[in-house]
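To start, the structure under review is shown below, and the notes come after it.
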Amino acid sequence: AQSVTQPDIHITVSEGASLELRCNYSYGATPYLFWYVQSPGQGLQLLLKYFSGDTLVQGIKGFEAEFKRSQSSFNLRKPSVHWSDAAEYFCAVGDYTGNNRKLIWGLGTSLAVNP
Amino acid sequence: GAVVSQHPSWVICKSGTSVKIECRSLDFQATTMFWYRQFPKQSLMLMATSNEGSKATYEQGVEKDKFLINHASLTLSTLTVTSAHPEDSSFYICSAPPRTGFGGYTFGSGTRLTVV
C-alpha cells in the first residue's frame, strides 16, 4: 500500500542554520511527490513538487528537495533557515485510485526556529 | 492561479446544532472536492470526496449522516456537520485536485470548528 513516512515529528534549528526534513515513501510506480507547508491556523501552501526529470527540485522560499529512487526518499532542504520558516511541513505522494487523484500524506514535521 | 475560497474561517457552535462549511472554486470549475479533517499537531485525514452531481464517497470510518457533503454545482461544495458535539471540534480543509495530472492541487484556507 502507498504510504509516506516523515520520521521526525519535531525539529528545532537555530536561525541561519541549515535544515533537512526527511520523507520516505512507498509507492509501486513512479511517484508524484510534494512538500507542503502549513503555518499555524492556516491552509496549505505548496513548496515544491517532483514528477519527473531533474531529481533536484527547486521550490519557493529558498527550499529544495532531492528525489532519490534508490532510497525511496524525497528530503526537503534549506541552506539557511529564517524565523518565519517555523511551521508544519507535510510530505505527500500522489495516488491514482479509481477516477480520483488523491494525496497520501505523511504525519508532518513541526519545525521550530530559535532566534 | 486557481483559488478555492473556504468559509467560514472559524465558527463556534453549541452542541446539537449543525454547521455548514462552504468551499467555492473562484476561477475554475471543480468537479471534485476533497474534504479533510485535521486534529491539532496531526496530519490531514481524508474524510470524503465529493463529485459534482453524484453522491460523495466517504472514507472508512467517517459517518455519512454526521458529515453531509453536497456538491451541487461545479463551483460549490459544502460540508455540513450535523448535530455537532465537542469531539467534532477540528480544523476542516477542502481541496480541489488538478483537472489533469498531479500539478496544482488547490486548498481552501481551512475552517476551525469549535463545538461548546
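Naming works like this for the C-alpha cells: A, B, ... for the chains as they're shown, residue 1 at the start of each chain, ligands 1 onward in shown order.
In plain terms, chain A touches chain B through Gln42, Gly43, Leu107 and Gly108 of chain A, where touching means an atom at most 6 Å away, counting only C-alpha atoms.
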Can you list, as number ranges by chain, every protein, DNA or RNA residue that comes within 12 Å of Ala56 in chain B when you count only C-alpha atoms, leaving out same-chain residues fewer than 4 positions away?
B: 31-35, 47-52, 62-65, 67-72, 77-79
Counting only C-alpha atoms, which of A:Tyr89, A:Leu48, A:Asp95, A:Trp105 gets nearest to Asp8 in chain A?
A:Tyr89
Provide the CA of Cys13 in chain B to CA of Lys66 in chain B distance in Å, to one decimal place.
15.2 Å
If DSSP is run on the backbone, what residues of range 10-85 of chain A are strand (DSSP E)? A reply as JSON, numbers by chain would be ideal.
{"A": [10, 11, 12, 13, 14, 19, 20, 21, 24, 25, 26, 32, 33, 34, 35, 36, 37, 38, 44, 45, 46, 47, 48, 49, 50, 56, 57, 58, 64, 65, 66, 67, 68, 73, 74, 75, 76, 77, 78]}
Mind checking which residues fall within 6 Å of range 20-33 of chain A, counting only C-alpha atoms, ignoring those fewer than 3 positions away in the same chain, and posting them as an NGL selection string?
:A and (2-6 or 49-51 or 72-77 or 92-94)
Output for the residues just chosen: N, CA and C atoms as a PDB file, in the first residue's frame:
```
ATOM      1  N   GLN A   2       0.343   2.283  -0.622  1.00  0.00           N
ATOM      2  CA  GLN A   2       1.095   3.523  -0.664  1.00  0.00           C
ATOM      3  C   GLN A   2       1.154   4.171   0.716  1.00  0.00           C
ATOM      4  N   SER A   3       2.294   4.727   1.022  1.00  0.00           N
ATOM      5  CA  SER A   3       2.434   5.396   2.321  1.00  0.00           C
ATOM      6  C   SER A   3       3.555   6.411   2.262  1.00  0.00           C
ATOM      7  N   VAL A   4       3.507   7.324   3.199  1.00  0.00           N
ATOM      8  CA  VAL A   4       4.543   8.341   3.333  1.00  0.00           C
ATOM      9  C   VAL A   4       4.967   8.380   4.794  1.00  0.00           C
ATOM     10  N   THR A   5       6.251   8.369   5.022  1.00  0.00           N
ATOM     11  CA  THR A   5       6.787   8.413   6.382  1.00  0.00           C
ATOM     12  C   THR A   5       7.658   9.636   6.562  1.00  0.00           C
ATOM     13  N   GLN A   6       7.349  10.407   7.557  1.00  0.00           N
ATOM     14  CA  GLN A   6       8.199  11.514   7.969  1.00  0.00           C
ATOM     15  C   GLN A   6       8.728  11.142   9.347  1.00  0.00           C
ATOM     16  N   LYS A  49       7.287  20.329  -5.956  1.00  0.00           N
ATOM     17  CA  LYS A  49       6.771  19.022  -6.362  1.00  0.00           C
ATOM     18  C   LYS A  49       7.751  18.382  -7.335  1.00  0.00           C
ATOM     19  N   TYR A  50       7.707  17.051  -7.382  1.00  0.00           N
ATOM     20  CA  TYR A  50       8.523  16.289  -8.318  1.00  0.00           C
ATOM     21  C   TYR A  50       7.614  15.344  -9.086  1.00  0.00           C
ATOM     22  N   PHE A  51       7.758  15.406 -10.408  1.00  0.00           N
ATOM     23  CA  PHE A  51       7.033  14.464 -11.251  1.00  0.00           C
ATOM     24  C   PHE A  51       8.004  13.598 -12.041  1.00  0.00           C
ATOM     25  N   SER A  72      14.083   5.655  -1.865  1.00  0.00           N
ATOM     26  CA  SER A  72      12.659   5.991  -1.718  1.00  0.00           C
ATOM     27  C   SER A  72      12.494   7.220  -0.833  1.00  0.00           C
ATOM     28  N   SER A  73      13.300   8.222  -1.142  1.00  0.00           N
ATOM     29  CA  SER A  73      13.269   9.414  -0.296  1.00  0.00           C
ATOM     30  C   SER A  73      13.060  10.676  -1.121  1.00  0.00           C
ATOM     31  N   PHE A  74      12.561  11.675  -0.435  1.00  0.00           N
ATOM     32  CA  PHE A  74      12.329  12.983  -1.050  1.00  0.00           C
ATOM     33  C   PHE A  74      12.516  14.008   0.054  1.00  0.00           C
ATOM     34  N   ASN A  75      13.757  14.225   0.445  1.00  0.00           N
ATOM     35  CA  ASN A  75      14.063  15.086   1.586  1.00  0.00           C
ATOM     36  C   ASN A  75      14.058  16.556   1.192  1.00  0.00           C
ATOM     37  N   LEU A  76      13.549  17.359   2.090  1.00  0.00           N
ATOM     38  CA  LEU A  76      13.448  18.801   1.884  1.00  0.00           C
ATOM     39  C   LEU A  76      14.619  19.487   2.558  1.00  0.00           C
ATOM     40  N   ARG A  77      15.205  20.458   1.880  1.00  0.00           N
ATOM     41  CA  ARG A  77      16.374  21.144   2.446  1.00  0.00           C
ATOM     42  C   ARG A  77      16.253  22.649   2.265  1.00  0.00           C
ATOM     43  N   ALA A  92       3.900  14.509   0.750  1.00  0.00           N
ATOM     44  CA  ALA A  92       2.762  13.762   0.223  1.00  0.00           C
ATOM     45  C   ALA A  92       3.138  13.103  -1.092  1.00  0.00           C
ATOM     46  N   VAL A  93       2.462  11.998  -1.373  1.00  0.00           N
ATOM     47  CA  VAL A  93       2.640  11.314  -2.649  1.00  0.00           C
ATOM     48  C   VAL A  93       1.290  11.235  -3.337  1.00  0.00           C
ATOM     49  N   GLY A  94       1.274  11.503  -4.619  1.00  0.00           N
ATOM     50  CA  GLY A  94       0.039  11.435  -5.379  1.00  0.00           C
ATOM     51  C   GLY A  94      -0.308   9.995  -5.704  1.00  0.00           C
TER      52      GLY A  94
END
```
If we count only C-alpha atoms, what is near Ala84 in chain B at a cut-off of 7 Å, once residues fewer than 6 positions away on the same chain are taken out, given as a PDB file with C-alpha atoms, in the first residue's frame?
```
ATOM      1  CA  SER B  15     -23.675  21.097  20.912  1.00  0.00           C
ATOM      2  CA  GLY B  16     -26.556  19.690  18.934  1.00  0.00           C
ATOM      3  CA  THR B  17     -26.575  22.353  16.263  1.00  0.00           C
ATOM      4  CA  SER B  18     -25.449  21.966  12.659  1.00  0.00           C
ATOM      5  CA  VAL B 115     -18.271  22.954  19.478  1.00  0.00           C
TER       6      VAL B 115
END
```
Nearest-residue call for Ser39 in chain A, choices A:Asn114, A:Thr109, A:Thr55, A:Ser70, using only C-alpha atoms:
A:Thr109
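CA of Ser89 in chain B is positioned 14.2 Å from CA of Pro8 in chain B.
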Among range 11-107 of chain A, which ones does DSSP assign to helix (DSSP H, G or I) (computed from the backbone)? Answer as a ChimeraX atom specification.
/A:60-62,69-71,83-85
For the selection just defined, write its residues with C-alpha atoms to a file, as an mmCIF file, in the first residue's frame.
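Just written: selection_27.cif:
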```
data_model
loop_
_atom_site.group_PDB
_atom_site.id
_atom_site.type_symbol
_atom_site.label_atom_id
_atom_site.label_comp_id
_atom_site.auth_asym_id
_atom_site.auth_seq_id
_atom_site.Cartn_x
_atom_site.Cartn_y
_atom_site.Cartn_z
ATOM 1 C CA ILE A 60 9.574 28.638 -3.208
ATOM 2 C CA LYS A 61 11.047 30.383 -0.177
ATOM 3 C CA GLY A 62 14.512 29.000 -0.887
ATOM 4 C CA ARG A 69 14.678 6.500 -6.062
ATOM 5 C CA SER A 70 17.182 4.047 -4.580
ATOM 6 C CA GLN A 71 16.358 5.288 -1.089
ATOM 7 C CA TRP A 83 12.389 32.547 11.829
ATOM 8 C CA SER A 84 9.385 32.763 9.514
ATOM 9 C CA ASP A 85 10.007 29.181 8.391
#
```
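Between Val113 in chain A and the residues A:Pro40, A:Glu66, A:Val13, A:Ala1, the shortest atom-to-atom distance, using only C-alpha atoms, involves A:Val13.
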Measuring between only C-alpha atoms, which one of B:Ser90, B:Thr114, B:Lys55, B:Val4 shows the shortest distance to Ser25 in chain B?
B:Val4
What is the distance between CA of Phe39 in chain B and CA of Gly41 in chain A, in Å to one decimal?
11.3 Å
Find the spatial neighbours of His10 in chain A, counting only C-alpha atoms, within a cut-off of 8 Å - ignore same-chain residues fewer than 5 positions away - and output them as a ChimeraX atom specification.
/A:109-112
Atoms to include: N, CA and C atoms. Write the selected residues as a PDB file, in the first residue's frame.
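Produced file selection_24.pdb, reproduced below:
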```
ATOM      1  N   THR A 109       6.097  17.199   9.988  1.00  0.00           N
ATOM      2  CA  THR A 109       7.215  17.554  10.865  1.00  0.00           C
ATOM      3  C   THR A 109       7.020  18.992  11.304  1.00  0.00           C
ATOM      4  N   SER A 110       7.018  19.188  12.596  1.00  0.00           N
ATOM      5  CA  SER A 110       6.865  20.520  13.147  1.00  0.00           C
ATOM      6  C   SER A 110       8.243  21.157  13.308  1.00  0.00           C
ATOM      7  N   LEU A 111       8.436  22.291  12.692  1.00  0.00           N
ATOM      8  CA  LEU A 111       9.723  22.978  12.728  1.00  0.00           C
ATOM      9  C   LEU A 111       9.655  24.185  13.639  1.00  0.00           C
ATOM     10  N   ALA A 112      10.523  24.224  14.612  1.00  0.00           N
ATOM     11  CA  ALA A 112      10.680  25.398  15.461  1.00  0.00           C
ATOM     12  C   ALA A 112      12.027  26.033  15.159  1.00  0.00           C
TER      13      ALA A 112
END
```
